[in-house]
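See structure below.
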Amino acid sequence: MVRSFALSVSRPRRSGAALAGLWLVAFSVLTGANPLHAQAGRVTGTVVEARSGRPIPAAIVRAEATDIAATTDVRGAFTLNGVTGTKRIVVRAVGYQPKTLDATAGDPPIRIGLEELAVKLDELVVTGTVGEAATRSLGNSIGKINVSATAEIAPPTKIQDLLSVNVPGVRVMRASGAIGSGGITRIRGSGSLSLSNEPLLYIDGVRVYNEAAVNSAAFQTFSGESPSRINDLNPEEIESIEILKGPSAATIYGTEASNGVIQIITKRGRSGKSQVEAHLGGGVAWLANPDGRYPSNYYQASDGTVKEFNVLRFNKARGYPDVFQNGSPKSAGASISGGSDRLSYFFGADYNRDEGYLSYGWQNKYNARANLTYRSSDDKFKVDVSLGAIRSKTNSQQGFQPITTSIVWACNFNSCAPDPADTAHTGYNGPGHGWDFYR
């Protein structure tokens, strides 16, 4: 197809720029190009937190392989000008994971949600002082456990077990597995040879007693362990745990915090509809292969021969009751939370029955918690009320003479009794009593 075009120029004379514009129009007509289609478009949208929907200011939005970039404002909004066609967009913000997506110029505004990073330098943490502190200002490492999320996947039986496997630098030393007992908690080693090396324990910003029950002779005589105060807490009522391990702990909390600080934040209500949660738990506790764990004893019979004596097999062959049992730990609880923008609440209660592999080793524990939060309409006044109650009763499976000592030192009357005819003290005497033996 042949196109013709005639251009006449008459006075008044036009400037060079005007003539250039006319020649551009002429060229567009001759080549079939459309000036409107040649113009670049723009991409608009908003960057927010994926979980809460809160706008993220100062996020950088860039079109790959171009110099086109923008920064979000206080509302999280951005505009990329000069984008043609479909481009790969990269969004980055401090404290959030980068996100990449495709965007086309001229499309409706897009909404980009960013996930938070595991390392949150700007996050506010609860301290023992008035107010809150940013993580970056503390200048050291803070270990954090999302107990609420962990309990949904694998509910922990003890808080100390949760700390020892989830926070680097925290070690819990155990001497036995007695019901109700706890280990020794150490954060980055020991801080003193004469003072207590236990870390400080705070619940919702309030310091609580964390010393072991040293008056429990039943635990300390043989096992070296005492009931742990931190294990008295119920994991179902805890939102998160923060552990301050660095040297600035002593700056914030004093010299007593040189061993570290454990901050426990309990669950609180959120504005919205009431949420009711109920849970049941159960399991089995047993001692695997007890016959193979305890060695046999040997004695010289009256005829001079050496004979073997295994007290577990001896009693089983004669129909005595089993020394070890299959314990049935169980738990049940419920909670309700909710509220409005001004008043939120959380109420929860739990019952826990822990049974061990011995019939006389058990623990009954009752927990209850009530948390209330009130905010004024102008957000200038806030009151937090936290109430917690714990009632626990433990029956030790250690005692003065633990079952292991009874089994190891048990013997047949032929080797122990001064009179071979004396058989009154032979065999198992029942739960909690062990076997009689002569020295």
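Starting from 1 in every chain, residues are counted up; chains themselves are A, B, ... following the order of the structure tokens, and ligands are numbered from 1 as listed.
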
Write out as an mmCIF file with C-alpha atoms, in the first residue's frame each polymer residue whose atoms come within 7 Å of segment 107-118 of chain A, counting only C-alpha atoms; drop sequence neighbours fewer than 6 positions from it.
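Result written to part27.cif:
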```cif
data_model
loop_
_atom_site.group_PDB
_atom_site.id
_atom_site.type_symbol
_atom_site.label_atom_id
_atom_site.label_comp_id
_atom_site.auth_asym_id
_atom_site.auth_seq_id
_atom_site.Cartn_x
_atom_site.Cartn_y
_atom_site.Cartn_z
ATOM 1 C CA THR A 44 0.787 0.983 41.551
ATOM 2 C CA GLY A 45 0.087 -0.965 44.719
ATOM 3 C CA THR A 46 0.487 -1.348 48.480
ATOM 4 C CA VAL A 47 3.034 -3.316 50.551
ATOM 5 C CA VAL A 48 1.685 -4.776 53.811
ATOM 6 C CA GLU A 49 2.529 -7.423 56.402
ATOM 7 C CA ALA A 50 1.193 -10.783 55.254
ATOM 8 C CA GLY A 95 12.937 -7.299 58.798
ATOM 9 C CA TYR A 96 10.943 -9.044 56.043
ATOM 10 C CA GLN A 97 11.614 -11.704 53.456
ATOM 11 C CA LYS A 99 9.217 -11.130 47.486
#
```

Using DSSP on the backbone coordinates, identify all residues within segment 33-110 of chain A classified as strand (DSSP E or B); present the result as a VMD selection string. chain A and resid 41 to 49 55 60 to 63 69 to 71 77 to 83 86 to 92 96 99 to 104 110

Counting only C-alpha atoms, figure out which residue out of A:Ala349, A:Ala317, A:Ile159, A:Ile184 gets nearest to Ser240 of chain A.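 Counting only C-alpha atoms, the residue closest to Ser240 of chain A is A:Ile159.
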
So, with only C-alpha atoms as the atoms that count, which of A:Ala257, A:Ala370, A:Val165, A:Ala334 lies closest to Asp350 of chain A? A:Ala334

Please provide the set of residues having any atom within 7 Å of segment 234-239 of chain A, restricted to only C-alpha atoms, with same-chain residues fewer than 2 positions apart removed, written as a PyMOL selection string. chain A and resi 146-148+151+159+232+265-267+367

Using only C-alpha atoms for the distances, tell me which of A:Ala65, A:Ala93, A:Ala105, A:Ala278 is nearest to Leu80 of chain A.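 Nearest to Leu80 of chain A: A:Ala105.
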
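Shortest separation to Ile89 of chain A among A:Arg75, A:Arg313, A:Arg62, A:Arg391 occurs at residue A:Arg62, atoms counted being only C-alpha atoms.
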
List the spatial neighbours of Leu387 of chain A as a VMD selection string - criterion: any atom at most 9 Å away, only C-alpha atoms, same-chain residues fewer than 6 positions off excluded. chain A and resid 368 to 372

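With distances restricted to only C-alpha atoms, A:Leu343 is the closest residue to Val385 of chain A from A:Val311, A:Ile403, A:Ile142, A:Leu343.
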
Within 8 Å of Gly272 of chain A using only C-alpha atoms, minus same-chain residues under 2 positions, as a ChimeraX atom specification: /A:270,274,338-340

For Val284 of chain A, work out the shell of residues within 9 Å, counting only C-alpha atoms and skipping chain neighbours fewer than 2 positions away, then give it as a list of chain:residue names.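 The residues satisfying every condition are A:Gly282, A:Trp286, A:Asn326, A:Gly327, A:Ser328, A:Pro329, A:Lys330, A:Glu355, A:Gly356.
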
Among A:Thr157, A:Thr150, A:Thr72, A:Asn297, Leu233 of chain A is approached most closely, using only C-alpha atoms, by A:Thr157

In Å to one decimal, how far is atom CA of Glu198 of chain A from atom CA of Thr404 of chain A?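 Answer for the atom CA of Thr404 of chain A to atom CA of Glu198 of chain A separation: 29.4 Å.
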
Could you pull the residues within 10 Å of Val208 of chain A, counting only C-alpha atoms, minus those fewer than 5 positions along the same chain, as a PDB file with N, CA and C atoms, in the first residue's frame?
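Result file out.pdb:
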```pdb
ATOM      1  N   LEU A 200      17.481 -15.769  86.029  1.00  0.00           N
ATOM      2  CA  LEU A 200      16.308 -15.096  86.569  1.00  0.00           C
ATOM      3  C   LEU A 200      15.084 -15.457  85.737  1.00  0.00           C
ATOM      4  N   LEU A 201      13.942 -15.526  86.377  1.00  0.00           N
ATOM      5  CA  LEU A 201      12.700 -15.901  85.709  1.00  0.00           C
ATOM      6  C   LEU A 201      11.690 -14.775  85.869  1.00  0.00           C
ATOM      7  N   TYR A 202      11.182 -14.287  84.727  1.00  0.00           N
ATOM      8  CA  TYR A 202      10.157 -13.241  84.713  1.00  0.00           C
ATOM      9  C   TYR A 202       8.937 -13.761  83.958  1.00  0.00           C
ATOM     10  N   ILE A 203       7.762 -13.483  84.500  1.00  0.00           N
ATOM     11  CA  ILE A 203       6.502 -13.825  83.845  1.00  0.00           C
ATOM     12  C   ILE A 203       5.733 -12.530  83.615  1.00  0.00           C
ATOM     13  N   ARG A 229      10.605 -24.987  89.584  1.00  0.00           N
ATOM     14  CA  ARG A 229       9.546 -23.979  89.585  1.00  0.00           C
ATOM     15  C   ARG A 229       9.112 -23.638  88.166  1.00  0.00           C
ATOM     16  N   ILE A 230      10.029 -23.624  87.222  1.00  0.00           N
ATOM     17  CA  ILE A 230       9.650 -23.274  85.856  1.00  0.00           C
ATOM     18  C   ILE A 230       8.792 -24.360  85.232  1.00  0.00           C
TER      19      ILE A 230
END
```
